[in-house]
$ cat upload35.txt   # compact mmCIF, C-alpha atoms
# COMPACT_ATOMS: atom_id res chain seq x y z
CA MET A 1 0.00 0.00 0.00
CA ALA A 2 2.88 2.35 0.74
CA VAL A 3 4.38 1.73 -2.71
CA ALA A 4 0.96 2.18 -4.35
CA ARG A 5 0.40 5.44 -2.47
CA ALA A 6 3.82 6.81 -3.42
CA SER A 7 3.34 5.80 -7.06
CA PHE A 8 -0.09 7.46 -7.17
CA ILE A 9 1.32 10.70 -5.75
CA ALA A 10 4.14 10.58 -8.32
CA ILE A 11 1.57 10.26 -11.14
CA LEU A 12 -0.38 13.25 -9.86
CA LYS A 13 2.83 15.27 -9.72
CA SER A 14 3.70 14.40 -13.32
CA PRO A 15 2.40 17.16 -15.60
CA SER A 16 2.49 14.86 -18.64
CA ALA A 17 0.31 12.25 -16.96
CA VAL A 18 -2.26 14.82 -15.90
CA VAL A 19 -2.43 16.44 -19.33
CA PHE A 20 -2.63 13.28 -21.44
CA SER A 21 -4.84 11.30 -19.04
CA ILE A 22 -7.28 13.99 -17.89
CA ALA A 23 -7.00 17.31 -19.73
CA PHE A 24 -6.61 15.89 -23.24
CA PRO A 25 -9.71 13.61 -23.20
CA LEU A 26 -11.71 16.23 -21.31
CA ALA A 27 -10.95 18.84 -23.95
CA PHE A 28 -12.13 16.48 -26.71
CA ILE A 29 -15.35 15.74 -24.82
CA LEU A 30 -16.11 19.42 -24.29
CA VAL A 31 -15.43 20.48 -27.87
CA PHE A 32 -17.26 17.63 -29.57
CA GLY A 33 -20.02 17.98 -26.99
CA PHE A 34 -20.52 21.58 -28.10
CA ILE A 35 -20.61 20.44 -31.72
CA GLY A 36 -23.12 17.72 -30.95
CA GLN A 37 -25.51 20.24 -29.41
CA ASN A 38 -25.69 22.26 -32.61
CA GLN A 39 -27.90 21.41 -35.56
CA VAL A 40 -26.61 21.19 -39.11
CA MET A 41 -25.70 24.79 -39.91
CA LEU A 42 -26.34 26.15 -43.40
CA LYS A 43 -24.91 29.51 -44.43
CA VAL A 44 -27.27 31.32 -46.80
CA GLY A 45 -27.60 34.80 -48.20
CA PHE A 46 -30.61 36.72 -49.49
CA MET A 47 -30.64 38.67 -52.72
CA PRO A 48 -30.95 42.44 -52.09
CA GLN A 49 -34.33 42.58 -53.88
CA THR A 50 -35.84 39.93 -51.57
CA ASP A 51 -39.23 40.81 -50.08
CA THR A 52 -38.29 41.06 -46.41
CA HIS A 53 -41.91 41.69 -45.36
CA SER A 54 -43.15 38.30 -46.55
CA PRO A 55 -44.09 35.63 -43.98
CA ILE A 56 -41.66 33.25 -45.70
CA TYR A 57 -38.70 35.55 -45.06
CA ARG A 58 -39.68 36.06 -41.41
CA ALA A 59 -40.08 32.30 -40.92
CA LEU A 60 -36.73 31.47 -42.51
CA THR A 61 -34.82 34.02 -40.42
CA ARG A 62 -36.14 32.34 -37.26
CA ILE A 63 -34.77 28.88 -38.17
CA PRO A 64 -31.72 28.15 -35.94
CA SER A 65 -30.01 25.95 -38.54
CA LEU A 66 -29.84 28.78 -41.09
CA LYS A 67 -27.06 31.31 -40.63
CA MET A 68 -27.84 34.46 -42.59
CA VAL A 69 -24.99 36.13 -44.48
CA GLN A 70 -25.44 39.80 -45.38
CA GLU A 71 -23.25 40.81 -48.32
CA PRO A 72 -23.62 42.59 -51.69
CA GLN A 73 -25.01 40.46 -54.51
CA GLN A 74 -21.69 40.08 -56.36
CA GLN A 75 -19.93 38.97 -53.18
CA LEU A 76 -22.71 36.47 -52.45
CA LEU A 77 -22.37 34.95 -55.91
CA ALA A 78 -18.57 34.78 -55.57
CA ASP A 79 -18.86 33.10 -52.15
CA LEU A 80 -21.39 30.62 -53.54
CA GLN A 81 -19.08 29.60 -56.38
CA LYS A 82 -16.18 29.18 -53.95
CA GLY A 83 -18.21 27.08 -51.50
CA ARG A 84 -18.13 29.62 -48.68
CA ILE A 85 -21.92 29.64 -48.41
CA ASP A 86 -24.48 26.91 -49.09
CA GLY A 87 -27.02 28.87 -51.09
CA ILE A 88 -28.67 32.16 -52.00
CA LEU A 89 -32.38 32.75 -51.52
CA GLU A 90 -34.60 35.23 -53.29
CA ILE A 91 -38.27 35.88 -52.41
CA ASP A 92 -40.28 37.85 -55.00
CA LYS A 93 -43.88 38.95 -54.70
CA ILE A 94 -45.99 37.99 -57.72
CA ASP A 95 -48.44 40.59 -59.07
CA ARG A 96 -51.89 39.03 -59.00
CA GLN A 97 -55.51 39.62 -58.02
CA ALA A 98 -56.68 38.53 -54.60
CA SER A 99 -58.96 35.93 -56.20
CA ASP A 100 -56.27 34.49 -58.48
CA PRO A 101 -55.39 30.87 -57.63
CA VAL A 102 -51.68 31.47 -58.37
CA PRO A 103 -49.06 31.66 -55.60
CA ALA A 104 -48.40 35.04 -54.00
CA TYR A 105 -44.61 34.59 -53.87
CA ARG A 106 -41.81 33.04 -55.88
CA VAL A 107 -38.97 31.56 -53.82
CA SER A 108 -35.73 30.85 -55.68
CA VAL A 109 -32.99 28.66 -54.19
CA LEU A 110 -29.62 29.17 -55.88
CA PHE A 111 -26.70 26.80 -55.29
CA SER A 112 -23.47 25.86 -57.07
CA THR A 113 -21.46 22.72 -57.71
CA ALA A 114 -19.37 23.57 -54.65
CA SER A 115 -22.48 23.42 -52.44
CA ALA A 116 -24.25 20.55 -54.22
CA ALA A 117 -23.97 18.28 -51.18
CA THR A 118 -26.00 20.61 -48.95
CA ALA A 119 -28.41 21.83 -51.66
CA PRO A 120 -31.05 19.11 -50.98
CA VAL A 121 -30.97 19.97 -47.28
CA LEU A 122 -31.47 23.68 -47.97
CA GLU A 123 -34.25 22.94 -50.47
CA GLY A 124 -35.96 20.74 -47.87
CA VAL A 125 -35.75 23.43 -45.20
CA VAL A 126 -37.32 26.04 -47.51
CA SER A 127 -39.99 23.61 -48.74
CA ASN A 128 -40.96 22.61 -45.19
CA THR A 129 -41.16 26.27 -44.19
CA ILE A 130 -43.58 27.00 -47.05
CA HIS A 131 -45.63 23.93 -46.14
CA ARG A 132 -45.91 25.01 -42.48
CA ILE A 133 -47.09 28.47 -43.52
CA ASP A 134 -49.66 26.93 -45.89
CA SER A 135 -50.97 24.62 -43.14
CA ALA A 136 -51.21 27.36 -40.55
CA LEU A 137 -52.52 30.32 -42.58
CA PHE A 138 -53.95 28.97 -45.83
CA PRO A 139 -55.17 25.39 -45.20
CA HIS A 140 -57.79 25.38 -47.97
CA GLN A 141 -56.02 27.52 -50.56
CA PRO A 142 -53.19 26.98 -53.06
CA SER A 143 -49.68 27.24 -51.73
CA ILE A 144 -48.50 30.71 -50.80
CA ALA A 145 -45.27 30.28 -52.78
CA GLN A 146 -43.81 28.68 -55.86
CA LEU A 147 -40.40 27.10 -55.22
CA GLN A 148 -37.66 27.19 -57.87
CA VAL A 149 -34.20 25.63 -57.60
CA LYS A 150 -31.32 26.78 -59.80
CA GLN A 151 -27.69 25.74 -60.06
CA ILE A 152 -24.75 27.88 -61.18
CA PRO A 153 -21.26 26.64 -62.15
CA GLY A 154 -18.69 26.20 -59.44
CA ARG A 155 -15.81 23.94 -58.41
CA LYS A 156 -16.63 20.88 -56.40
CA TYR A 157 -15.49 21.31 -52.82
CA LYS A 158 -14.11 17.93 -51.69
CA PRO A 159 -13.46 16.94 -48.04
CA ILE A 160 -9.72 16.80 -48.75
CA ASP A 161 -9.83 20.50 -49.72
CA PHE A 162 -10.78 21.28 -46.12
CA ILE A 163 -8.86 18.59 -44.24
CA LEU A 164 -5.42 18.84 -45.90
CA PRO A 165 -4.70 22.53 -45.12
CA GLY A 166 -5.80 21.93 -41.53
CA MET A 167 -3.54 18.92 -41.11
CA LEU A 168 -0.62 20.74 -42.77
CA GLY A 169 -1.11 23.67 -40.43
CA PHE A 170 -1.25 21.48 -37.35
CA ALA A 171 1.85 19.54 -38.46
CA LEU A 172 3.73 22.84 -38.71
CA LEU A 173 2.41 23.97 -35.33
CA SER A 174 3.41 20.73 -33.59
CA ALA A 175 6.86 20.60 -35.20
CA GLY A 176 7.58 24.25 -34.50
CA ILE A 177 6.63 24.05 -30.83
CA PHE A 178 7.56 20.53 -29.70
CA GLY A 179 10.69 20.23 -31.83
CA THR A 180 12.12 23.60 -30.84
CA ALA A 181 11.22 23.30 -27.17
CA PHE A 182 12.78 19.86 -26.67
CA VAL A 183 15.90 20.60 -28.72
CA PHE A 184 16.91 23.82 -26.99
CA PHE A 185 16.03 22.49 -23.53
CA ASN A 186 18.23 19.43 -24.12
CA LEU A 187 21.06 21.56 -25.55
CA ARG A 188 21.09 23.54 -22.31
CA GLN A 189 20.62 20.57 -20.00
CA THR A 190 23.38 18.49 -21.61
CA LEU A 191 25.72 21.51 -21.63
CA VAL A 192 26.09 21.37 -25.41
CA LEU A 193 25.40 25.10 -25.60
CA LYS A 194 28.12 25.68 -23.02
CA ARG A 195 30.57 23.77 -25.22
CA PHE A 196 29.44 25.81 -28.22
CA PHE A 197 30.38 28.96 -26.33
CA ALA A 198 33.98 27.71 -26.10
CA THR A 199 34.19 28.00 -29.88
CA PRO A 200 34.24 31.20 -31.97
CA ILE A 201 30.62 30.63 -33.12
CA LYS A 202 28.15 33.44 -32.47
CA LYS A 203 25.03 32.78 -30.40
CA GLY A 204 22.74 33.83 -33.22
CA TYR A 205 24.26 31.27 -35.56
CA ILE A 206 23.33 28.48 -33.15
CA VAL A 207 19.67 29.50 -33.24
CA LEU A 208 19.71 30.11 -36.99
CA GLY A 209 21.38 26.77 -37.69
CA GLU A 210 18.88 24.78 -35.63
CA ALA A 211 15.98 26.78 -37.06
CA LEU A 212 17.15 26.36 -40.65
CA ALA A 213 17.37 22.59 -40.27
CA ARG A 214 13.81 22.41 -38.96
CA VAL A 215 12.45 24.78 -41.59
CA VAL A 216 13.96 22.76 -44.44
CA PHE A 217 12.71 19.46 -42.98
CA GLN A 218 9.17 20.73 -42.42
CA LEU A 219 8.96 22.31 -45.87
CA LEU A 220 9.96 18.95 -47.39
CA ASN A 221 7.25 17.40 -45.22
CA ALA A 222 4.78 19.98 -46.54
CA VAL A 223 5.69 19.07 -50.13
CA ILE A 224 5.01 15.40 -49.36
CA ILE A 225 1.63 16.19 -47.73
CA ILE A 226 0.52 18.43 -50.60
CA GLY A 227 1.75 15.97 -53.24
CA LEU A 228 -0.01 13.04 -51.60
CA GLY A 229 -3.23 15.03 -51.33
CA TYR A 230 -3.06 16.13 -54.98
CA PHE A 231 -2.06 12.89 -56.70
CA VAL A 232 -3.96 10.43 -54.49
CA PHE A 233 -7.02 12.31 -53.23
CA GLY A 234 -7.48 15.05 -55.84
CA PHE A 235 -6.64 18.00 -53.60
CA THR A 236 -7.39 21.26 -55.44
CA LEU A 237 -4.40 23.39 -56.45
CA TYR A 238 -6.00 26.35 -58.23
CA HIS A 239 -2.85 27.58 -59.99
CA GLY A 240 -0.89 24.32 -59.99
CA TRP A 241 2.77 24.65 -59.02
CA ILE A 242 2.36 28.35 -58.32
CA THR A 243 -0.18 27.45 -55.64
CA VAL A 244 2.28 24.92 -54.17
CA LEU A 245 4.95 27.62 -53.91
CA GLU A 246 2.47 30.01 -52.29
CA MET A 247 1.48 27.35 -49.74
CA LEU A 248 5.16 26.69 -48.98
CA LEU A 249 5.78 30.40 -48.43
CA LEU A 250 2.82 30.55 -46.05
CA SER A 251 4.15 27.45 -44.29
CA PHE A 252 7.57 29.09 -43.90
CA ILE A 253 6.11 32.26 -42.36
CA ALA A 254 3.88 30.30 -39.98
CA LEU A 255 6.67 27.90 -38.97
CA VAL A 256 8.92 30.80 -37.97
CA VAL A 257 6.10 32.15 -35.79
CA PHE A 258 5.35 28.74 -34.25
CA MET A 259 9.01 28.21 -33.41
CA GLY A 260 8.81 31.34 -31.26
CA PHE A 261 6.38 29.50 -28.99
CA GLY A 262 8.90 26.68 -28.77
CA PHE A 263 11.69 29.07 -27.71
CA ILE A 264 9.46 30.44 -24.94
CA ILE A 265 8.49 26.98 -23.65
CA SER A 266 12.10 25.75 -23.68
CA SER A 267 13.06 28.73 -21.52
CA ILE A 268 10.30 28.54 -18.91
CA ALA A 269 10.28 24.72 -18.53
CA ARG A 270 12.06 23.56 -15.35
CA ASN A 271 12.49 19.95 -16.49
CA GLU A 272 11.87 17.83 -19.57
CA SER A 273 8.59 16.39 -18.29
CA SER A 274 7.07 19.87 -18.00
CA ILE A 275 7.56 20.63 -21.71
CA PRO A 276 4.59 18.55 -23.02
CA PRO A 277 2.04 20.24 -20.70
CA PHE A 278 3.26 23.72 -21.65
CA ALA A 279 3.31 22.79 -25.32
CA ASN A 280 -0.19 21.31 -25.16
CA ILE A 281 -1.53 24.47 -23.59
CA VAL A 282 -0.62 26.18 -26.86
CA THR A 283 -1.30 23.39 -29.37
CA LEU A 284 -4.35 21.60 -27.98
CA PRO A 285 -6.83 24.51 -28.12
CA GLN A 286 -5.74 25.27 -31.68
CA PHE A 287 -5.90 21.61 -32.65
CA LEU A 288 -9.54 21.51 -31.57
CA LEU A 289 -10.79 25.04 -32.19
CA ALA A 290 -8.85 26.59 -35.08
CA GLY A 291 -10.74 24.88 -37.92
CA THR A 292 -8.43 21.90 -38.34
CA PHE A 293 -11.06 19.13 -38.66
CA PHE A 294 -14.33 21.06 -38.78
CA PRO A 295 -15.43 24.63 -39.59
CA ILE A 296 -15.37 27.15 -36.76
CA ASP A 297 -19.00 27.99 -37.60
CA VAL A 298 -20.22 24.76 -35.95
CA LEU A 299 -18.96 25.94 -32.54
CA PRO A 300 -21.04 28.10 -30.15
CA GLY A 301 -21.31 31.74 -31.18
CA TRP A 302 -19.55 33.06 -28.06
CA LEU A 303 -16.53 30.85 -28.79
CA GLN A 304 -16.08 31.67 -32.49
CA PRO A 305 -14.39 35.12 -32.11
CA ILE A 306 -11.73 33.52 -29.86
CA CYS A 307 -11.14 30.71 -32.36
CA LYS A 308 -10.77 33.08 -35.32
CA ILE A 309 -7.85 35.01 -33.77
CA MET A 310 -5.72 31.92 -33.10
CA PRO A 311 -2.53 31.79 -35.21
CA LEU A 312 -3.37 28.34 -36.60
CA SER A 313 -6.81 29.63 -37.61
CA TYR A 314 -5.20 32.43 -39.62
CA LEU A 315 -2.90 29.91 -41.32
CA ASN A 316 -5.72 27.47 -42.11
CA THR A 317 -7.81 30.25 -43.63
CA ALA A 318 -4.92 31.48 -45.76
CA LEU A 319 -3.97 28.00 -46.99
CA ARG A 320 -7.55 27.13 -47.97
CA SER A 321 -8.08 30.45 -49.74
CA VAL A 322 -4.87 30.06 -51.76
CA ALA A 323 -5.39 26.39 -52.63
CA PHE A 324 -9.11 26.18 -53.46
CA GLU A 325 -10.03 29.75 -54.36
CA GLY A 326 -6.78 30.79 -56.02
CA ALA A 327 -6.55 33.86 -53.79
CA SER A 328 -3.49 36.07 -54.15
CA PHE A 329 -1.47 37.33 -51.20
CA GLN A 330 -3.21 40.69 -51.56
CA GLN A 331 -6.54 38.94 -51.07
CA ILE A 332 -5.44 37.17 -47.88
CA VAL A 333 -3.84 40.21 -46.29
CA GLY A 334 -6.11 39.81 -43.24
CA PRO A 335 -4.90 36.32 -42.23
CA LEU A 336 -1.32 37.24 -43.16
CA LEU A 337 -1.45 40.31 -40.94
CA GLY A 338 -2.83 38.19 -38.11
CA ILE A 339 0.07 35.72 -38.39
CA VAL A 340 2.62 38.56 -38.48
CA ILE A 341 1.11 40.24 -35.40
CA TRP A 342 1.33 36.92 -33.53
CA GLY A 343 4.97 36.66 -34.62
CA VAL A 344 5.79 40.12 -33.28
CA LEU A 345 4.14 39.35 -29.94
CA VAL A 346 5.74 35.92 -29.59
CA TYR A 347 9.27 37.05 -30.37
CA ALA A 348 8.90 40.09 -28.10
CA VAL A 349 8.33 37.61 -25.28
CA THR A 350 11.06 35.28 -26.57
CA PHE A 351 13.74 37.98 -26.38
CA ARG A 352 12.84 38.61 -22.74
CA VAL A 353 12.67 35.03 -21.45
CA PHE A 354 15.09 33.04 -23.65
CA ARG A 355 17.94 31.51 -21.63
CA TRP A 356 21.26 30.19 -22.91
CA GLU A 357 22.17 28.39 -19.67
$ encode --input "upload35.txt" --output "structure tokens"
Amino acid sequence: MAVARASFIAILKSPSAVVFSIAFPLAFILVFGFIGQNQVMLKVGFMPQTDTHSPIYRALTRIPSLKMVQEPQQQLLADLQKGRIDGILEIDKIDRQASDPVPAYRVSVLFSTASAATAPVLEGVVSNTIHRIDSALFPHQPSIAQLQVKQIPGRKYKPIDFILPGMLGFALLSAGIFGTAFVFFNLRQTLVLKRFFATPIKKGYIVLGEALARVVFQLLNAVIIIGLGYFVFGFTLYHGWITVLEMLLLSFIALVVFMGFGFIISSIARNESSIPPFANIVTLPQFLLAGTFFPIDVLPGWLQPICKIMPLSYLNTALRSVAFEGASFQQIVGPLLGIVIWGVLVYAVTFRVFRWE
């Protein structure tokens, strides 16, 4: 019993055991529990000329599973073709006499090839809404609305187009933080850095040398991930090899930022076993909340603003925009600026806490 008691206390005092046995599963349960409480969310926009006074419009805006997007018509059409929204609705009032047996409204559902998977769901939601209005207000009259469904051209948005950028981003995040933290902690602990100082090498060259090795390795890893996704699973590369180079440049910028977190953790960790808990404090929330496996829109509304300002979220958004939409760097200036701001903040802390011995 004495041995069992001592062993149990040792487990509780091990940060790694607590994180991987309790915190890690608990975080998964909480996040996926939040997702499970939400209905299937459809992002839809309304044409500017839509009759907002119609009972159909008021009924649709009260449906929790429909998230309304308010944008100009051209932006709505562009988002629909790129798969950013699931459909566009338009409600027009039909000129008729009160005694005419024709419908009073025309409801148009517009979707693209990119949103073809969710189009039947959206059509069903609109159709059921019209049916409920008919049953409640006009039980013995023709339907209040005529439903029309139209499709416009667009690229098919495959699951790999969402998953691959998220997995690439998380691979860069994990390598930048865990790899850097463990390496520089061990270099200090084993007195390798102290031996380096006995040579004419400059301190900055030590950091740059280690960083360069990791950057080259992870960029090769990124090429393998992108190549596998493209040749095996049909991952979309809008501009071909140019898109690959753009994704590699984004990966390089993000990896430099992520390595800053690793420098901080290697400096504040007191022993090797405390590195994984510190690293997971940074990586785990982003792994679950930064749009790696599922869109941020499926999370509770109060949590989404926090998720969108995470560095991995900025990277995921930029990678997906470049790969699937063919966005230029000028068009992703928002996510790029977010990554750069994180880099400035992280390295400002790094310069204050980094220890050589």
$ residues_around --input "upload35.txt" --residues "stretch 211-226 of chain A" --least-positions-apart "5" --cutoff "12 Å" --atoms "all atoms listed in the file" --output "ChimeraX atom specification"
/A:160-161,163-181,183-184,204-206,231-237,240-241,243-260,262-263,319,323
$ residues_around --input "upload35.txt" --residues "stretch 81-91 of chain A" --least-positions-apart "5" --cutoff "6 Å" --atoms "all atoms listed in the file" --output "list in words"
Lys43, Val44, Gly45, Phe46, Met47, Thr50, Asp51, Arg106, Val107, Ser108, Val109, Leu110, Phe111, Ser112, Ala114, Ser115 and Gly154 of chain A
$ write_last_selection --input "upload35.txt" --atoms "C-alpha atoms" --output "mmCIF file, keeping the file's coordinate frame"
data_model
loop_
_atom_site.group_PDB
_atom_site.id
_atom_site.type_symbol
_atom_site.label_atom_id
_atom_site.label_comp_id
_atom_site.auth_asym_id
_atom_site.auth_seq_id
_atom_site.Cartn_x
_atom_site.Cartn_y
_atom_site.Cartn_z
ATOM 1 C CA LYS A 43 -24.910 29.510 -44.430
ATOM 2 C CA VAL A 44 -27.270 31.320 -46.800
ATOM 3 C CA GLY A 45 -27.600 34.800 -48.200
ATOM 4 C CA PHE A 46 -30.610 36.720 -49.490
ATOM 5 C CA MET A 47 -30.640 38.670 -52.720
ATOM 6 C CA THR A 50 -35.840 39.930 -51.570
ATOM 7 C CA ASP A 51 -39.230 40.810 -50.080
ATOM 8 C CA ARG A 106 -41.810 33.040 -55.880
ATOM 9 C CA VAL A 107 -38.970 31.560 -53.820
ATOM 10 C CA SER A 108 -35.730 30.850 -55.680
ATOM 11 C CA VAL A 109 -32.990 28.660 -54.190
ATOM 12 C CA LEU A 110 -29.620 29.170 -55.880
ATOM 13 C CA PHE A 111 -26.700 26.800 -55.290
ATOM 14 C CA SER A 112 -23.470 25.860 -57.070
ATOM 15 C CA ALA A 114 -19.370 23.570 -54.650
ATOM 16 C CA SER A 115 -22.480 23.420 -52.440
ATOM 17 C CA GLY A 154 -18.690 26.200 -59.440
#
$ axis_aligned_box --input "upload35.txt" --around "stretch 213-217 of chain A" --padding-each-side "6 Å" --output "JSON"
{"center_x": 14.9, "center_y": 22.1, "center_z": -41.7, "size_x": 16.9, "size_y": 17.3, "size_z": 17.5}
$ atom_distance --input "upload35.txt" --atom1 "atom CA of A:Leu76" --atom2 "atom CA of A:Leu122"
16.1 Å
$ atom_distance --input "upload35.txt" --atom1 "atom CA of A:Ala279" --atom2 "atom CA of A:Thr190"
20.9 Å
$ atom_distance --input "upload35.txt" --atom1 "atom CA of A:Leu191" --atom2 "atom CA of A:Glu357"
8.0 Å
$ closest_residue --input "upload35.txt" --among "A:Leu289, A:Ala198, A:Val282, A:Ala318" --to "A:Ile306" --atoms "all atoms listed in the file"
A:Leu289
$ residues_around --input "upload35.txt" --residues "A:Trp342" --least-positions-apart "4" --cutoff "8 Å" --atoms "all atoms listed in the file" --output "PyMOL selection string"
chain A and resi 257+311+338+346
$ closest_residue --input "upload35.txt" --among "A:Met68, A:Gln189, A:Phe196, A:Ile56" --to "A:Asn128" --atoms "only C-alpha atoms"
A:Ile56
$ closest_residue --input "upload35.txt" --among "A:Phe197, A:Tyr230, A:Phe185, A:Tyr238" --to "A:Phe324" --atoms "only C-alpha atoms"
A:Tyr238
$ residues_around --input "upload35.txt" --residues "A:Asp134" --least-positions-apart "5" --cutoff "12 Å" --atoms "only C-alpha atoms" --output "ChimeraX atom specification"
/A:55-56,103-104,127-129,139-146
$ residues_around --input "upload35.txt" --residues "A:Val349" --least-positions-apart "2" --cutoff "12 Å" --atoms "all atoms listed in the file" --output "list in words"
Gly260, Phe261, Gly262, Phe263, Ile264, Ile265, Ser267, Ile268, Trp342, Gly343, Val344, Leu345, Val346, Tyr347, Phe351, Arg352, Val353, Phe354 and Arg355 of chain A
$ closest_residue --input "upload35.txt" --among "A:Gly301, A:Pro335, A:Pro285, A:Gly229" --to "A:Lys67" --atoms "all atoms listed in the file"
A:Gly301
$ closest_residue --input "upload35.txt" --among "A:Ala327, A:Val149, A:Leu137, A:Leu77" --to "A:Glu123" --atoms "all atoms listed in the file"
A:Val149
$ closest_residue --input "upload35.txt" --among "A:Ile309, A:Val69, A:Ala4, A:Val322" --to "A:Ile339" --atoms "all atoms listed in the file"
A:Ile309
$ decode --input "upload35.txt" --residues "stretch 313-328 of chain A" --atoms "N, CA and C atoms" --output "short mmCIF file (atom, residue, chain, number, x, y, z; two decimals), in the first residue's frame"
data_model
loop_
_atom_site.label_atom_id
_atom_site.label_comp_id
_atom_site.auth_asym_id
_atom_site.auth_seq_id
_atom_site.Cartn_x
_atom_site.Cartn_y
_atom_site.Cartn_z
N SER A 313 -5.60 29.28 -36.86
CA SER A 313 -6.81 29.63 -37.61
C SER A 313 -6.49 30.55 -38.77
N TYR A 314 -5.63 31.54 -38.53
CA TYR A 314 -5.20 32.43 -39.62
C TYR A 314 -4.51 31.63 -40.72
N LEU A 315 -3.63 30.71 -40.32
CA LEU A 315 -2.90 29.91 -41.32
C LEU A 315 -3.86 29.02 -42.10
N ASN A 316 -4.77 28.34 -41.43
CA ASN A 316 -5.72 27.47 -42.11
C ASN A 316 -6.56 28.25 -43.13
N THR A 317 -7.01 29.42 -42.73
CA THR A 317 -7.81 30.25 -43.63
C THR A 317 -7.01 30.65 -44.86
N ALA A 318 -5.76 31.06 -44.65
CA ALA A 318 -4.92 31.48 -45.76
C ALA A 318 -4.62 30.32 -46.71
N LEU A 319 -4.28 29.15 -46.16
CA LEU A 319 -3.97 28.00 -46.99
C LEU A 319 -5.17 27.57 -47.83
N ARG A 320 -6.36 27.54 -47.23
CA ARG A 320 -7.55 27.13 -47.97
C ARG A 320 -7.93 28.15 -49.04
N SER A 321 -7.76 29.42 -48.75
CA SER A 321 -8.08 30.45 -49.74
C SER A 321 -7.14 30.37 -50.93
N VAL A 322 -5.86 30.15 -50.68
CA VAL A 322 -4.87 30.06 -51.76
C VAL A 322 -5.08 28.80 -52.59
N ALA A 323 -5.32 27.67 -51.92
CA ALA A 323 -5.39 26.39 -52.63
C ALA A 323 -6.68 26.24 -53.42
N PHE A 324 -7.83 26.47 -52.80
CA PHE A 324 -9.11 26.18 -53.46
C PHE A 324 -9.64 27.37 -54.25
N GLU A 325 -9.45 28.58 -53.71
CA GLU A 325 -10.03 29.75 -54.36
C GLU A 325 -9.05 30.46 -55.28
N GLY A 326 -7.76 30.11 -55.20
CA GLY A 326 -6.78 30.79 -56.02
C GLY A 326 -6.51 32.21 -55.59
N ALA A 327 -6.72 32.50 -54.30
CA ALA A 327 -6.55 33.86 -53.79
C ALA A 327 -5.08 34.27 -53.84
N SER A 328 -4.84 35.52 -54.17
CA SER A 328 -3.49 36.07 -54.15
C SER A 328 -3.14 36.52 -52.74
#
